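Enquirer: Below is one structure. I have some questions about it.
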Amino acid sequence: MNESVGLKSAALLMLLINVVPFAYGQKTRFGPRPPEAKTGVDYPVRVHVTAIQIRSHCSELKGPASCRDVVYAESVIDGKKLELMGDRVWLPTFYVFPVTPGDYKARITKEAPTAVLAPLDREYELVMPDETVWPCSVTGISE
């Protein structure tokens, strides 16, 4: 009787090992690596990041609504307290928080569409310590 129970247990274990990984059925798509800082390009803006948060960002611009986690960084740029938003980086083994509190070099890649909104919607590239850049945009202003 013990041999029968052992065989059943072994068969069940083999079934679980071979079937369970396929039961999930979702594809894993890793994000692209962060872009590299361009050689010969000046990054004259100084950014001091004071805090970061991970929050959901939902969009309905193209097709059905989709939500993703993004990084929000509370920053000081030219004496103004601004909130920057950019993507998290997904590498094959883990999420990377592209920015942490500290000082960074940056450059403006796109100005705000109207002077009334400035600096809202302005886009930046922050240079990380590993010489990759974190593309982000201004999503808030505080006093």
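So you can find residues: chains in the structure tokens are A, B, ... in the order shown, residues in each start at 1, and ligands are numbered from 1 in order.
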If we count only C-alpha atoms, what is near Val76 of chain A at a cut-off of 7 Å, once residues fewer than 5 positions away on the same chain are taken out, given as a list in words?

Expert: Val47, His48, Val49, Lys81 and Leu82 of chain A

Enquirer: Given the selection you just returned, output its residues as a file containing N, CA and C atoms, formatted as a PDB file, in the first residue's frame.

Expert:
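The resulting file, part_30.pdb, is reproduced below:
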ATOM      1  N   VAL A  47      19.370  68.947 -11.719  1.00  0.00           N
ATOM      2  CA  VAL A  47      18.130  68.474 -11.118  1.00  0.00           C
ATOM      3  C   VAL A  47      18.456  67.824  -9.778  1.00  0.00           C
ATOM      4  N   HIS A  48      17.738  68.229  -8.735  1.00  0.00           N
ATOM      5  CA  HIS A  48      17.881  67.586  -7.434  1.00  0.00           C
ATOM      6  C   HIS A  48      16.576  66.842  -7.146  1.00  0.00           C
ATOM      7  N   VAL A  49      16.648  65.518  -7.116  1.00  0.00           N
ATOM      8  CA  VAL A  49      15.484  64.681  -6.828  1.00  0.00           C
ATOM      9  C   VAL A  49      15.418  64.488  -5.318  1.00  0.00           C
ATOM     10  N   LYS A  81       9.956  73.672  -7.499  1.00  0.00           N
ATOM     11  CA  LYS A  81       9.630  72.304  -7.108  1.00  0.00           C
ATOM     12  C   LYS A  81       8.709  71.714  -8.171  1.00  0.00           C
ATOM     13  N   LEU A  82       9.218  70.717  -8.886  1.00  0.00           N
ATOM     14  CA  LEU A  82       8.475  70.108  -9.982  1.00  0.00           C
ATOM     15  C   LEU A  82       8.340  68.611  -9.754  1.00  0.00           C
TER      16      LEU A  82
END

Enquirer: Excluding Ile141 of chain A and residues on its chain fewer than 6 positions from it, collect all residues at most 10 Å away from it, counting only C-alpha atoms, and give them as a list in words.

Expert: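 Answer for this query is Glu74, Ser75, Val76, Lys80, Lys81, Leu82, Glu83, Leu84, Ala118, Pro119 and Leu120 of chain A.
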
Enquirer: Store the residues of this selection in a file with C-alpha atoms, as a CSV table (one decimal), in the first residue's frame.

Expert:
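Result file out_28.csv:
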chain,number,residue,atom,x,y,z
A,74,GLU,CA,9.7,65.2,-6.7
A,75,SER,CA,12.5,67.5,-7.9
A,76,VAL,CA,13.9,70.9,-7.7
A,80,LYS,CA,11.2,75.4,-8.7
A,81,LYS,CA,9.6,72.3,-7.1
A,82,LEU,CA,8.5,70.1,-10.0
A,83,GLU,CA,7.1,66.6,-10.3
A,84,LEU,CA,8.6,64.5,-13.0
A,118,ALA,CA,5.4,76.2,-18.8
A,119,PRO,CA,7.0,74.2,-17.3
A,120,LEU,CA,4.1,71.7,-17.4

Enquirer: Contacts of His57 of chain A at 12 Å or less, counting only C-alpha atoms, minus same-chain residues fewer than 5 places along, as a list in words?

Expert: Ala65, Ser66, Cys67, Arg68, Asp69, Val70, Val71, Tyr72, Met85, Gly86, Asp87, Arg88 and Thr139 of chain A

Enquirer: Pick from A:Gly140, A:Pro129, A:Pro44, A:Trp134: nearest to Leu117 of chain A, with only C-alpha atoms counted?

Expert: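 Checking each candidate against Leu117 of chain A, we get A:Gly140 as the closest.
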
Enquirer: Using only C-alpha atoms, which residues sit within 12 Å of segment 125-128 of chain A once same-chain residues fewer than 2 positions away are excluded, as a PyMOL selection string?

Expert: chain A and resi 34-39+41-49+73+75+77+84-86+97-110+122-123+130-138

Enquirer: Can you work out which one of A:Tyr124, A:Ser59, A:Ile54, A:Gly79 has the shortest atom-to-atom distance to Glu111 of chain A, counting only C-alpha atoms?

Expert: A:Tyr124
